[in-house]
file coords.cif (mmCIF, C-alpha atoms and all ligand atoms)
data_entry
loop_
_atom_site.label_atom_id
_atom_site.label_comp_id
_atom_site.auth_asym_id
_atom_site.auth_seq_id
_atom_site.Cartn_x
_atom_site.Cartn_y
_atom_site.Cartn_z
CA THR A 1 117.69 140.38 21.65
CA CYS A 2 118.96 143.16 23.83
CA GLY A 3 120.09 143.00 27.43
CA PHE A 4 121.28 145.18 30.26
CA VAL A 5 124.49 144.20 31.97
CA ALA A 6 125.56 145.97 35.17
CA ILE A 7 129.24 146.04 36.07
CA VAL A 8 129.60 146.39 39.83
CA GLY A 9 132.46 146.37 42.32
CA ARG A 10 134.24 148.58 44.82
CA PRO A 11 136.46 151.42 43.57
CA ASN A 12 139.70 150.43 41.86
CA VAL A 13 138.86 146.82 40.99
CA GLY A 14 138.88 147.63 37.27
CA LYS A 15 135.26 148.31 36.27
CA SER A 16 136.13 151.14 33.89
CA THR A 17 139.07 149.23 32.44
CA LEU A 18 136.76 146.28 31.73
CA MET A 19 134.14 148.54 30.11
CA ASN A 20 136.77 150.06 27.86
CA ARG A 21 138.12 146.63 26.98
CA ILE A 22 134.68 145.25 26.11
CA LEU A 23 133.57 148.29 24.17
CA GLY A 24 136.94 148.78 22.55
CA GLN A 25 137.18 152.49 23.12
CA LYS A 26 137.90 154.96 25.88
CA ILE A 27 134.47 155.85 27.13
CA SER A 28 134.90 155.32 30.82
CA ILE A 29 137.42 157.18 32.96
CA THR A 30 139.99 154.95 34.61
CA SER A 31 142.14 156.14 37.46
CA ARG A 32 144.09 155.04 40.50
CA ARG A 33 141.98 157.45 42.47
CA PRO A 34 138.78 155.86 43.79
CA GLN A 35 135.41 157.27 42.75
CA THR A 36 136.56 158.92 39.53
CA THR A 37 133.31 157.77 37.99
CA ARG A 38 130.54 159.46 39.89
CA HIS A 39 127.97 159.04 37.19
CA GLN A 40 126.90 155.94 35.42
CA VAL A 41 128.72 155.26 32.21
CA MET A 42 126.88 153.28 29.57
CA GLY A 43 128.02 151.62 26.41
CA ILE A 44 126.35 149.51 23.78
CA LYS A 45 127.93 146.57 22.05
CA THR A 46 126.38 144.50 19.29
CA LEU A 47 127.55 140.90 18.86
CA GLU A 48 125.94 138.87 16.10
CA GLU A 49 122.19 139.25 16.73
CA LYS A 50 122.58 140.30 20.36
CA GLN A 51 122.86 143.80 21.71
CA PHE A 52 124.42 144.43 25.12
CA ILE A 53 124.04 147.58 27.12
CA TYR A 54 126.80 147.76 29.70
CA VAL A 55 126.45 150.04 32.70
CA ASP A 56 129.43 150.89 34.91
CA THR A 57 127.81 151.30 38.31
CA PRO A 58 129.57 153.48 40.89
CA GLY A 59 128.55 153.76 44.52
CA MET A 60 127.89 150.10 45.22
CA HIS A 61 130.50 149.86 47.94
CA ILE A 62 129.07 152.52 50.26
CA MET A 63 128.65 151.07 53.71
CA SER A 64 125.93 151.97 56.18
CA LYS A 65 128.21 154.08 58.36
CA ASP A 66 128.69 156.71 55.63
CA ARG A 67 125.22 156.61 54.13
CA ASN A 68 124.33 160.04 55.41
CA LYS A 69 126.58 162.12 53.19
CA ALA A 70 124.48 163.56 50.36
CA ILE A 71 126.84 162.41 47.61
CA ASN A 72 126.85 158.88 49.01
CA ARG A 73 123.08 158.80 49.26
CA PHE A 74 122.83 159.93 45.67
CA MET A 75 125.29 157.33 44.42
CA ASN A 76 123.61 154.67 46.46
CA GLN A 77 120.26 155.36 44.87
CA ALA A 78 121.75 155.40 41.40
CA ALA A 79 123.38 152.05 42.03
CA THR A 80 120.18 150.49 43.34
CA GLN A 81 118.23 151.82 40.38
CA ALA A 82 120.72 150.37 37.92
CA LEU A 83 120.23 146.89 39.35
CA ARG A 84 116.47 146.88 39.18
CA ASP A 85 115.99 145.66 35.64
CA VAL A 86 119.28 144.14 34.62
CA ASP A 87 119.54 140.81 32.86
CA CYS A 88 122.95 140.03 34.21
CA VAL A 89 125.41 141.41 36.77
CA VAL A 90 129.19 141.23 36.49
CA PHE A 91 130.62 141.54 40.00
CA ILE A 92 134.30 142.39 39.79
CA ILE A 93 136.81 141.79 42.54
CA ASP A 94 140.56 142.22 42.65
CA ARG A 95 142.46 138.97 42.77
CA THR A 96 144.92 140.37 45.28
CA ARG A 97 142.47 140.89 48.13
CA TRP A 98 138.90 140.66 49.44
CA THR A 99 137.85 143.70 51.47
CA GLU A 100 134.98 144.93 53.60
CA GLU A 101 133.89 147.03 50.62
CA ASP A 102 133.66 143.90 48.45
CA GLN A 103 131.49 142.41 51.15
CA ALA A 104 129.29 145.55 51.14
CA VAL A 105 128.83 145.26 47.36
CA LEU A 106 127.96 141.58 47.67
CA LYS A 107 125.40 142.48 50.32
CA ARG A 108 123.81 144.97 47.94
CA LEU A 109 123.36 142.12 45.46
CA GLU A 110 121.45 139.96 47.94
CA HIS A 111 118.04 140.73 46.49
CA VAL A 112 119.10 140.83 42.86
CA LYS A 113 117.39 138.07 40.92
CA ALA A 114 119.48 138.36 37.77
CA PRO A 115 122.41 135.96 37.47
CA VAL A 116 125.63 137.29 39.00
CA ILE A 117 128.92 136.42 37.35
CA LEU A 118 132.02 136.80 39.49
CA ALA A 119 134.92 138.28 37.53
CA VAL A 120 138.22 137.94 39.36
CA ASN A 121 140.32 140.69 37.85
CA LYS A 122 144.06 141.46 37.73
CA VAL A 123 145.12 137.85 37.36
CA ASP A 124 148.20 139.20 35.56
CA ARG A 125 149.35 140.00 39.10
CA LEU A 126 148.94 136.41 40.25
CA GLY A 127 152.58 135.98 41.09
CA GLU A 128 152.31 138.55 43.86
CA LYS A 129 150.25 136.26 46.07
CA GLY A 130 149.75 132.58 46.67
CA ASP A 131 147.52 130.10 44.86
CA LEU A 132 144.40 131.38 43.19
CA LEU A 133 142.34 128.22 43.61
CA PRO A 134 141.86 128.03 47.40
CA TRP A 135 141.05 131.74 47.40
CA LEU A 136 138.55 131.32 44.56
CA ALA A 137 136.83 128.49 46.42
CA GLU A 138 136.49 130.64 49.52
CA VAL A 139 135.18 133.71 47.70
CA GLY A 140 133.03 131.63 45.34
CA ALA A 141 131.20 130.12 48.30
CA ARG A 142 129.89 133.51 49.41
CA ARG A 143 127.07 133.39 46.89
CA ASP A 144 125.64 131.09 44.25
CA PHE A 145 127.43 132.70 41.31
CA ALA A 146 126.30 131.90 37.77
CA ALA A 147 129.97 131.58 36.84
CA ILE A 148 133.42 132.53 38.09
CA VAL A 149 135.79 133.91 35.45
CA PRO A 150 139.37 134.98 36.20
CA ILE A 151 140.30 137.88 33.92
CA SER A 152 142.78 140.61 33.24
CA ALA A 153 140.81 143.65 32.07
CA LYS A 154 144.05 145.52 31.43
CA HIS A 155 145.56 142.87 29.18
CA GLY A 156 142.28 141.48 27.82
CA THR A 157 142.91 137.97 29.13
CA GLN A 158 139.71 135.88 29.23
CA VAL A 159 137.50 138.93 28.65
CA ASP A 160 136.01 137.13 25.62
CA THR A 161 135.14 134.19 27.90
CA LEU A 162 133.40 136.60 30.26
CA GLU A 163 131.45 138.14 27.36
CA GLU A 164 130.38 134.68 26.17
CA GLU A 165 129.20 133.84 29.68
CA VAL A 166 127.20 137.09 29.80
CA ALA A 167 125.66 136.25 26.42
CA THR A 168 124.24 132.99 27.76
CA HIS A 169 122.04 135.00 30.14
CA LEU A 170 120.38 137.25 27.56
P1 LIG A 201 137.32 151.18 38.78
O1 LIG A 201 137.44 152.16 39.90
O2 LIG A 201 136.71 149.90 39.28
O3 LIG A 201 136.61 151.73 37.57
O4 LIG A 201 138.82 150.80 38.35
P2 LIG A 201 139.67 151.29 37.09
O5 LIG A 201 139.21 150.63 35.84
O6 LIG A 201 139.72 152.77 37.10
O7 LIG A 201 141.10 150.66 37.45
C1 LIG A 201 141.78 150.99 38.66
C2 LIG A 201 143.26 150.68 38.51
O8 LIG A 201 143.48 149.29 38.33
C3 LIG A 201 143.89 151.37 37.28
O9 LIG A 201 145.17 151.80 37.62
C4 LIG A 201 143.93 150.25 36.25
O10 LIG A 201 144.94 150.41 35.29
C5 LIG A 201 144.20 149.03 37.13
N1 LIG A 201 143.74 147.77 36.52
C6 LIG A 201 142.52 147.51 35.98
N2 LIG A 201 142.46 146.26 35.49
C7 LIG A 201 143.67 145.69 35.71
C8 LIG A 201 144.23 144.40 35.42
O11 LIG A 201 143.62 143.50 34.82
N3 LIG A 201 145.52 144.19 35.84
C9 LIG A 201 146.24 145.16 36.48
N4 LIG A 201 147.48 144.85 36.85
N5 LIG A 201 145.75 146.38 36.75
C10 LIG A 201 144.48 146.65 36.38
MG MG A 202 135.63 153.50 37.28
#
call {"tool": "encode", "arguments": {"input": "coords.cif", "output": "structure tokens"}}
result
Amino acid sequence: TCGFVAIVGRPNVGKSTLMNRILGQKISITSRRPQTTRHQVMGIKTLEEKQFIYVDTPGMHIMSKDRNKAINRFMNQAATQALRDVDCVVFIIDRTRWTEEDQAVLKRLEHVKAPVILAVNKVDRLGEKGDLLPWLAEVGARRDFAAIVPISAKHGTQVDTLEEEVATHL
């Protein structure tokens, strides 16, 4: 079997880092500067008899107030297109905070029928803020997520668990 997996999230949450970690090579540009990836980046991974096509989806975070800029409109359309026929969505957030942009991305997922897995990234930075659990409960209640997986894309922590979870939806 073969499935499409969209990786979505606001800039800087670690989408490109996760793609690189999963695909095991530098194919996606990572940067501290938001919006480094203006185009979709795709990668294919084969695991046993399953083939996964991962798509790093920029432009999901664009809020209605800046929809009129041409570049934003373009990215918005690309992002919507990418979600049309996916088998699974990985929605990444940064453990350290939930922002308006995260909320905007979540809103864009409202009509997506594919299962959405919440990946809470940067858990290696856990010590910088309080308990993860109450925060996870609060964020996890914002949608009926197929699963919630805390990860560190940078260090590879629990990325295999996330991949296994994705595999159950293909
Ligand atoms: P994107 O904009 O969502 O594609 O985010 P990037 O993958 O470019 O990552 C943005 C920044 O967050 C970079 O400086 C990454 O090194 C950093 N980053 C990504 N994943 C992690 C993680 O698991 N832990 C920590 N501490 N930093 C991370
Ligand atoms: Mg990126």
call {"tool": "atom_distance", "arguments": {"input": "coords.cif", "atom1": "atom CA of Ile7 of chain A", "atom2": "atom CA of Thr57 of chain A"}}
result
5.9 Å
call {"tool": "residues_around", "arguments": {"input": "coords.cif", "residues": "Arg125 of chain A", "least_positions_apart": "6", "cutoff": "10 Å", "atoms": "only C-alpha atoms", "output": "PyMOL selection string"}}
result
chain A and resi 94-96+152
call {"tool": "residues_around", "arguments": {"input": "coords.cif", "residues": "Val139 of chain A", "least_positions_apart": "5", "cutoff": "12 Å", "atoms": "all atoms listed in the file", "output": "number ranges by chain"}}
result
A: 91-95, 97-99, 102-103, 106, 118-120, 132-134, 144-145, 148
call {"tool": "closest_residue", "arguments": {"input": "coords.cif", "among": "A:Pro115, A:Gly9, A:Gly127, A:Gly156", "to": "Leu23 of chain A", "atoms": "only C-alpha atoms"}}
result
A:Gly156
call {"tool": "atom_distance", "arguments": {"input": "coords.cif", "atom1": "atom P1 of ligand LIG 201 (chain A)", "atom2": "atom CA of Pro58 of chain A"}}
result
8.4 Å
call {"tool": "atom_distance", "arguments": {"input": "coords.cif", "atom1": "atom CA of Ala147 of chain A", "atom2": "atom CA of Ile117 of chain A"}}
result
5.0 Å
call {"tool": "closest_residue", "arguments": {"input": "coords.cif", "among": "A:Ala141, A:Val5, A:Val86, A:Ala153", "to": "ligand LIG 201 (chain A)", "atoms": "all atoms listed in the file"}}
result
A:Ala153
call {"tool": "closest_residue", "arguments": {"input": "coords.cif", "among": "A:Lys154, A:Arg73, A:Arg21, A:His169", "to": "ligand LIG 201 (chain A)", "atoms": "only C-alpha atoms and all ligand atoms"}}
result
A:Lys154
call {"tool": "axis_aligned_box", "arguments": {"input": "coords.cif", "around": "segment 131-138 of chain A", "padding_each_side": "8 Å", "output": "JSON"}}
result
{"center_x": 142.0, "center_y": 129.9, "center_z": 46.4, "size_x": 27.0, "size_y": 19.7, "size_z": 22.3}
call {"tool": "decode", "arguments": {"input": "coords.cif", "residues": "segment 148-165 of chain A", "atoms": "N, CA and C atoms", "output": "PDB file, in the first residue's frame"}}
result
ATOM      1  N   ILE A 148      -1.981  11.426  20.100  1.00  0.00           N
ATOM      2  CA  ILE A 148      -1.129  12.543  20.510  1.00  0.00           C
ATOM      3  C   ILE A 148       0.238  11.950  20.849  1.00  0.00           C
ATOM      4  N   VAL A 149       1.263  12.393  20.131  1.00  0.00           N
ATOM      5  CA  VAL A 149       2.596  11.813  20.335  1.00  0.00           C
ATOM      6  C   VAL A 149       3.613  12.914  20.632  1.00  0.00           C
ATOM      7  N   PRO A 150       4.151  12.944  21.834  1.00  0.00           N
ATOM      8  CA  PRO A 150       5.221  13.899  22.143  1.00  0.00           C
ATOM      9  C   PRO A 150       6.516  13.435  21.467  1.00  0.00           C
ATOM     10  N   ILE A 151       7.194  14.333  20.781  1.00  0.00           N
ATOM     11  CA  ILE A 151       8.413  13.948  20.063  1.00  0.00           C
ATOM     12  C   ILE A 151       9.507  14.995  20.215  1.00  0.00           C
ATOM     13  N   SER A 152      10.724  14.586  19.838  1.00  0.00           N
ATOM     14  CA  SER A 152      11.769  15.563  19.582  1.00  0.00           C
ATOM     15  C   SER A 152      12.306  15.249  18.192  1.00  0.00           C
ATOM     16  N   ALA A 153      11.915  16.065  17.213  1.00  0.00           N
ATOM     17  CA  ALA A 153      12.346  15.842  15.828  1.00  0.00           C
ATOM     18  C   ALA A 153      13.860  15.978  15.733  1.00  0.00           C
ATOM     19  N   LYS A 154      14.393  16.905  16.489  1.00  0.00           N
ATOM     20  CA  LYS A 154      15.831  17.187  16.452  1.00  0.00           C
ATOM     21  C   LYS A 154      16.646  16.007  16.966  1.00  0.00           C
ATOM     22  N   HIS A 155      16.199  15.400  18.039  1.00  0.00           N
ATOM     23  CA  HIS A 155      16.952  14.301  18.644  1.00  0.00           C
ATOM     24  C   HIS A 155      16.418  12.927  18.228  1.00  0.00           C
ATOM     25  N   GLY A 156      15.288  12.898  17.559  1.00  0.00           N
ATOM     26  CA  GLY A 156      14.722  11.636  17.088  1.00  0.00           C
ATOM     27  C   GLY A 156      13.864  10.913  18.111  1.00  0.00           C
ATOM     28  N   THR A 157      13.672  11.513  19.267  1.00  0.00           N
ATOM     29  CA  THR A 157      12.900  10.866  20.324  1.00  0.00           C
ATOM     30  C   THR A 157      11.447  10.623  19.907  1.00  0.00           C
ATOM     31  N   GLN A 158      11.026   9.381  20.001  1.00  0.00           N
ATOM     32  CA  GLN A 158       9.634   8.975  19.722  1.00  0.00           C
ATOM     33  C   GLN A 158       9.184   9.193  18.274  1.00  0.00           C
ATOM     34  N   VAL A 159      10.113   9.485  17.383  1.00  0.00           N
ATOM     35  CA  VAL A 159       9.731   9.670  15.978  1.00  0.00           C
ATOM     36  C   VAL A 159       9.291   8.327  15.385  1.00  0.00           C
ATOM     37  N   ASP A 160       9.906   7.237  15.851  1.00  0.00           N
ATOM     38  CA  ASP A 160       9.494   5.897  15.394  1.00  0.00           C
ATOM     39  C   ASP A 160       8.054   5.593  15.825  1.00  0.00           C
ATOM     40  N   THR A 161       7.707   6.028  17.042  1.00  0.00           N
ATOM     41  CA  THR A 161       6.337   5.839  17.537  1.00  0.00           C
ATOM     42  C   THR A 161       5.351   6.595  16.651  1.00  0.00           C
ATOM     43  N   LEU A 162       5.737   7.808  16.285  1.00  0.00           N
ATOM     44  CA  LEU A 162       4.894   8.618  15.397  1.00  0.00           C
ATOM     45  C   LEU A 162       4.719   7.925  14.044  1.00  0.00           C
ATOM     46  N   GLU A 163       5.805   7.392  13.503  1.00  0.00           N
ATOM     47  CA  GLU A 163       5.744   6.701  12.207  1.00  0.00           C
ATOM     48  C   GLU A 163       4.853   5.458  12.282  1.00  0.00           C
ATOM     49  N   GLU A 164       4.938   4.748  13.398  1.00  0.00           N
ATOM     50  CA  GLU A 164       4.083   3.560  13.582  1.00  0.00           C
ATOM     51  C   GLU A 164       2.619   3.958  13.638  1.00  0.00           C
ATOM     52  N   GLU A 165       2.351   5.071  14.313  1.00  0.00           N
ATOM     53  CA  GLU A 165       0.978   5.575  14.413  1.00  0.00           C
ATOM     54  C   GLU A 165       0.457   5.940  13.018  1.00  0.00           C
TER      55      GLU A 165
END
